[in-house]
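Enquirer: Let me give you the structure first, and then I'll get to my questions.
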2 protein chains.
Amino acid sequence: MEIGERGLIERLRRVIGAPGRGTVVGIGDDAAVLEPAGELELFTCDAFVEGVHFRRDFASLADIGAKCMTANVSDIAAMGGFPTKATVALCVPPGMGAEDVEELYAGMLAVCRRCGAEIVGGDVVSSREGLVVSVALLGTVGRERVVTRARAAVGDSLLVTGRLGGAEAGLRAFLCGLPDDGPVVETKRRHLAPTARIAEAQAFIDVATPHAMIDVSDGLSSELWHLAEESAVGVAVSEARIPLAAAATEVARRLGCEPLELALGSGEEFELLVAIPAPETERTIEHVSAVTGTEVTRIGEVVPAARGCTLVRADGREEPLARLGYEHLVTTGDVGGKR
Amino acid sequence: MEIGERGLIERLRRVIGAPGRGTVVGIGDDAAVLEPAGELELFTCDAFVEGVHFRRDFASLADIGAKCMTANVSDIAAMGGFPTKATVALCVPPGMGAEDVEELYAGMLAVCRRCGAEIVGGDVVSSREGLVVSVALLGTVGRERVVTRARAAVGDSLLVTGRLGGAEAGLRAFLCGLPDDGPVVETKRRHLAPTARIAEAQAFIDVATPHAMIDVSDGLSSELWHLAEESAVGVAVSEARIPLAAAATEVARRLGCEPLELALGSGEEFELLVAIPAPETERTIEHVSAVTGTEVTRIGEVVPAARGCTLVRADGREEPLARLGYEHLVTTGDVGGKR
């Protein structure tokens with residue numbers, strides 16, 4: 001980096017602006033000082049490595065910053081909470097300057113502003129190769145509104161928000177150099193600029209008693225496995241019910257791959273997978289889509305652990321559910337407090 | 001890494017143990033769920049990059065983990081607080097296995113246990129080259145006990161804990177391959193396994209009204225500059241009063257460098273630099289050393305901003321204080337909420 005320490009702090013202070021509500025001391029001291037907010041606090045972190053999680057030739061620095069923040073916001077949303085305060089550690093490779101760091105921050109700050117969060121501290125160090133962005137995010141949640149991954153019960157309906165496959169289709173469209181047109185651009189946008197489902201999570205909690213909720217960060221099949229393992233249950237999901245994004249289906253056709261494979265393995269969708277008592281299914285689907293405008297689909301149900309995780313094919317055959325999303329990030333381990 | 005995601009989570013859950021007091025949900029969900037603790041909350045983060053902040057040929061993974069955690073604990077201590085909950089994001093290079101991650105965690109957990117903190121979440125991803133450790137740490141502090149960097153006043157005494165220069169001397173002893181003997185081993189240990197000054201910070205606040213406090217992470221001269229800039233004052237420090245570690249002086253002699261230069265530029269000492277009202281000086285020095293067993297030295301005073309940051313030489317000459325600690329990490333920018 002071609003800028004001194006004080007210069008960079010001053011620039012970032014300007015970009016970040018005045019401390020928000022609940023921030024007694026923000027950027028520039030040994031630690032931020034915060035007023036505790038709400039009944040319970042949420043705490044999560046996620047790291048993103050250039051060449052592993054993002055590429056600077058596909059994505060702008062603002063896009064990268066926004067997505068790193070969104071992934072953390074999505075974790076807070078999936079616990080039933082609202083994001084509040086973040087710290088950001090950047091490892092900056094040779095050749096990146098202060099303007100680049102500012103652009104990255106601009107992307108993160110745009111996401112923060114949309115969801116009422118604030119960056120209150122950080123660290124900028126040099127890396128020898130490749131950019132690393134590490135975000136730690138606090139959130140607040142009511143004591144009666146926490147939803148973990150661990151309480152899904154046999155008979156629960158499994159619901160998912162939105163339509164899946166777009167993020168992975170967009171990534172593959174980039175990787176394969178598909179020429180841009182409507183569906184390709186749509187999936188690329190989905191890959192570059194996903195949204196966290198804060199309002200949808202709240203709507204689920206308002207209308208139903210979710211037993212488990214998880215965000216689709218590693219891919220639907222992977223999240224189904226997480227939910228099943230943490231709740232000590234099985235899941236049975238109907239192939240025909242998985243909501244595919246139309247643009248993803250079209251891109252899959254051009255790439256010669258199965259749309260279903262995209263939908264099951266697509267990471268960083270940030271849709272919600274929710275287990276609710278079966279009798280609440282209809283009114284939940286109705287309420288959440290009415291309040292948020294986001295489609296909600298029942299894709300299957302929670303079954304006894306002995307049945308394992310299965311995919312019910314269109315012809316009624318049941319087969320083991322492959323852990324797809326996991327494969328494309330073979331070396332990624334999720335140790336909690338994280339996506 | 002040669003281990004699957006679930007396997008690693010399970011191993012780390014075992015290493016970390018059961019959730020502690022105030023942790024409603026620990027490792028393994030989208031985010032940790034915490035009971036808010038205390039009047040005000042502190043939040044800091046620090047990232048450490050292999051080849052920039054540490055080398056695996058000098059330090060064991062346990063040492064590296066311990067020091068990364070200590071640096072964050074030191075930031076919380078320097079605000080007047082106690083560390084509570086941490087998240088850890090690891091970017092793990094090819095060739096590092098689950099045992100290595102566990103050893104890194106063991107070092108971090110040992111520090112946490114000593115200071116009553118707990119790891120409640122994390123992320124483990126792959127890096128293409130080099131280990132990156134990013135810790136985010138929460139702390140708690142009483143409303144009347146927060147000490148920032150920003151309120152030093154003209155006439156204040158500048159105090160420092162402990163003796164300086166050891167960490168940098170130890171690093172140089174490693175880099176130059178000095179043969180091990182008493183002083184060399186002592187400085188190497190100081191470089192590898194520094195301690196955060198939680199009890200000392202509390203003792204300062206108990207007995208005095210500190211106007212500013214900062215931990216020596218980038219080097220004494222650098223911290224003096226930080227304190228002066230954040231408080232909009234100047235500082236005048238006496239060369240003869242800066243407490244040099246005896247082993248550092250001895251190592252400096254062998255390396256043919258100035259002990260004072262080591263003391264001013266030595267980062268990761270994690271001693272405290274504190275500005276207190278002059279009339280409180282004697283009783284503060286007495287109380288803090290009596291309660292903690294740690295030496296406290298008055299090294300100078302706060303002067304008007306117009307006088308700048310100066311070093312008073314033994315012969316009475318005043319010269320501008322060089323920003324030493326900053327130089328050896330030219331590309332490191334500290335943007336607050338950090339060491």
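Ordering of the structure tokens sets the chain letters (A, B, ...), residue numbers begin anew at 1 in every chain, and ligands are numbered from 1 in the order given.
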Skip Thr187 (chain A) itself and residues of its chain fewer than 4 positions away, then list as a PDB file with N, CA and C atoms, in the first residue's frame all residues within 7 Å of it, counting only C-alpha atoms.

Expert:
```pdb
ATOM      1  N   GLY A 166     -29.124 -19.602  -8.896  1.00  0.00           N
ATOM      2  CA  GLY A 166     -28.631 -18.438  -9.620  1.00  0.00           C
ATOM      3  C   GLY A 166     -27.182 -18.095  -9.324  1.00  0.00           C
ATOM      4  N   ALA A 167     -26.810 -18.143  -8.052  1.00  0.00           N
ATOM      5  CA  ALA A 167     -25.452 -17.731  -7.683  1.00  0.00           C
ATOM      6  C   ALA A 167     -24.412 -18.651  -8.329  1.00  0.00           C
ATOM      7  N   ALA A 169     -24.900 -20.617 -10.958  1.00  0.00           N
ATOM      8  CA  ALA A 169     -24.979 -20.453 -12.416  1.00  0.00           C
ATOM      9  C   ALA A 169     -24.172 -19.234 -12.849  1.00  0.00           C
ATOM     10  N   GLY A 170     -24.292 -18.153 -12.081  1.00  0.00           N
ATOM     11  CA  GLY A 170     -23.562 -16.933 -12.413  1.00  0.00           C
ATOM     12  C   GLY A 170     -22.061 -17.133 -12.322  1.00  0.00           C
ATOM     13  N   PRO A 183     -30.504 -13.866 -19.164  1.00  0.00           N
ATOM     14  CA  PRO A 183     -30.328 -14.838 -18.076  1.00  0.00           C
ATOM     15  C   PRO A 183     -28.904 -14.862 -17.520  1.00  0.00           C
ATOM     16  N   HIS A 191     -24.735 -13.851  -8.425  1.00  0.00           N
ATOM     17  CA  HIS A 191     -23.454 -14.277  -7.852  1.00  0.00           C
ATOM     18  C   HIS A 191     -22.734 -13.105  -7.184  1.00  0.00           C
ATOM     19  N   ALA A 247     -33.551 -18.141 -14.602  1.00  0.00           N
ATOM     20  CA  ALA A 247     -32.318 -17.785 -15.306  1.00  0.00           C
ATOM     21  C   ALA A 247     -31.262 -18.872 -15.097  1.00  0.00           C
ATOM     22  N   ALA A 248     -31.252 -19.486 -13.900  1.00  0.00           N
ATOM     23  CA  ALA A 248     -30.282 -20.547 -13.627  1.00  0.00           C
ATOM     24  C   ALA A 248     -30.569 -21.765 -14.508  1.00  0.00           C
TER      25      ALA A 248
END
```

Enquirer: Write out as number ranges by chain all residues of region 78-171 of chain B that backbone DSSP assigns to strand (DSSP E or B).

Expert: B: 82-92, 118-126, 132-141, 157-161, 164

Enquirer: Would you export the selected residues with C-alpha atoms as a CSV table (one decimal), in the first residue's frame, please?

Expert:
```csv
chain,number,residue,atom,x,y,z
B,82,PHE,CA,-12.0,-7.5,30.6
B,83,PRO,CA,-12.1,-9.8,27.6
B,84,THR,CA,-15.3,-12.0,27.3
B,85,LYS,CA,-16.0,-13.7,24.0
B,86,ALA,CA,-14.0,-14.2,20.8
B,87,THR,CA,-14.5,-15.4,17.3
B,88,VAL,CA,-11.6,-16.7,15.3
B,89,ALA,CA,-11.3,-16.8,11.5
B,90,LEU,CA,-8.5,-18.9,10.1
B,91,CYS,CA,-7.2,-19.0,6.6
B,92,VAL,CA,-5.3,-22.3,6.4
B,118,GLU,CA,-14.1,-17.9,25.6
B,119,ILE,CA,-14.0,-18.7,21.9
B,120,VAL,CA,-17.7,-18.8,20.8
B,121,GLY,CA,-17.4,-19.1,17.0
B,122,GLY,CA,-15.2,-19.0,14.0
B,123,ASP,CA,-14.5,-19.8,10.4
B,124,VAL,CA,-11.9,-22.0,8.9
B,125,VAL,CA,-11.3,-21.5,5.2
B,126,SER,CA,-8.4,-22.4,3.0
B,132,VAL,CA,-3.9,-15.9,8.4
B,133,VAL,CA,-5.3,-15.7,11.9
B,134,SER,CA,-8.1,-13.1,12.5
B,135,VAL,CA,-9.4,-12.7,16.0
B,136,ALA,CA,-12.4,-10.5,17.0
B,137,LEU,CA,-12.8,-10.1,20.7
B,138,LEU,CA,-15.5,-8.6,22.9
B,139,GLY,CA,-14.9,-7.2,26.3
B,140,THR,CA,-16.8,-5.6,29.1
B,141,VAL,CA,-16.1,-2.4,30.9
B,157,SER,CA,2.6,12.3,33.5
B,158,LEU,CA,3.4,9.6,31.0
B,159,LEU,CA,3.8,6.2,32.7
B,160,VAL,CA,4.8,2.9,31.1
B,161,THR,CA,4.6,-0.6,32.6
B,164,LEU,CA,10.9,-2.5,26.9
```

Enquirer: How many Å lie between CA of Met79 (chain A) and CA of Thr195 (chain A), rounded to one decimal?

Expert: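 Rounded to one decimal, the two atoms are 15.9 Å apart.
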
Enquirer: Can you measure CA of Leu61 (chain B) to CA of Leu104 (chain B) for me? One decimal in Å is fine.

Expert: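 That distance, rounded to one decimal, is 4.8 Å.
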
Enquirer: Could you check the closest approach to chain A for each of B:Ser222, B:Thr209, B:Gln202, B:Thr294 and tell me which residue wins, using only C-alpha atoms?

Expert: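 Ranked by minimum distance to chain A, first place goes to B:Ser222.
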
Enquirer: By how many Å are CA of Ile299 (chain B) and CA of Ala232 (chain B) apart?

Expert: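 Distance reported for this atom pair: 19.1 Å.
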
Enquirer: Given the choices A:Ile205, A:Glu230, A:Gly162, A:Arg14, which gets closest to chain B if the distance is worked out from only C-alpha atoms?

Expert: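 The answer is A:Glu230, which sits nearest to chain B.
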
Enquirer: Mind checking DSSP for region 65-174 of chain B and telling me the alpha helix (DSSP H) residues as number ranges by chain?

Expert: B: 65-78, 98-115, 166-174

Enquirer: Which polymer residues have any atom within 10 Å of an atom of Ile76 (chain B), counting only C-alpha atoms, with same-chain residues fewer than 4 positions away left out, as a PyMOL selection string?

Expert: (chain A and resi 30-33) or (chain B and resi 41-44+70-72+80-84+137-141+196-198+201+214-215+337-339)

Enquirer: Might you pull out every residue within 10 Å of Cys309 (chain A), with only C-alpha atoms counted and same-chain residues fewer than 4 positions away left off, and present them as a ChimeraX atom specification?

Expert: /A:221,224-225,228-229,233-237,302-305,318-323

Enquirer: When distances are computed from only C-alpha atoms, which of A:Arg307, A:Arg172, A:Arg253, A:His226 shows the smallest separation from chain B?

Expert: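 Counting only C-alpha atoms, the residue closest to chain B is A:His226.
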
Enquirer: Let me make sure I understand: among A:Ala245, A:Ile285, A:Val146, A:Val15, which one has the smallest atom-to-atom distance to chain B if we use only C-alpha atoms?

Expert: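 Distance minimum relative to chain B lands on A:Val146.
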
Enquirer: Just checking: using only C-alpha atoms, which residue out of A:Arg317, A:Arg149, A:Arg55, A:Lys67 ends up closest to chain B?

Expert: A:Arg149

Enquirer: Taking only C-alpha atoms into account, name the residue in A:Cys68, A:Leu171, A:Val147, A:Ala106 that is nearest to chain B.

Expert: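 Looking at the shortest contact to chain B, the residue is A:Val147.
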
Enquirer: Got a sec: who's within 9 Å of Glu35 (chain B), counting only C-alpha atoms, leaving out chain neighbours fewer than 4 positions off, as a PyMOL selection string?

Expert: (chain A and resi 39-42) or (chain B and resi 21-24)

Enquirer: Can you list, as an NGL selection string, every protein, DNA or RNA residue that comes within 6 Å of region 256-265 of chain B when you count only C-alpha atoms, leaving out same-chain residues fewer than 3 positions away?

Expert: :B and (164-165 or 219-221 or 249 or 252-253 or 324-325)
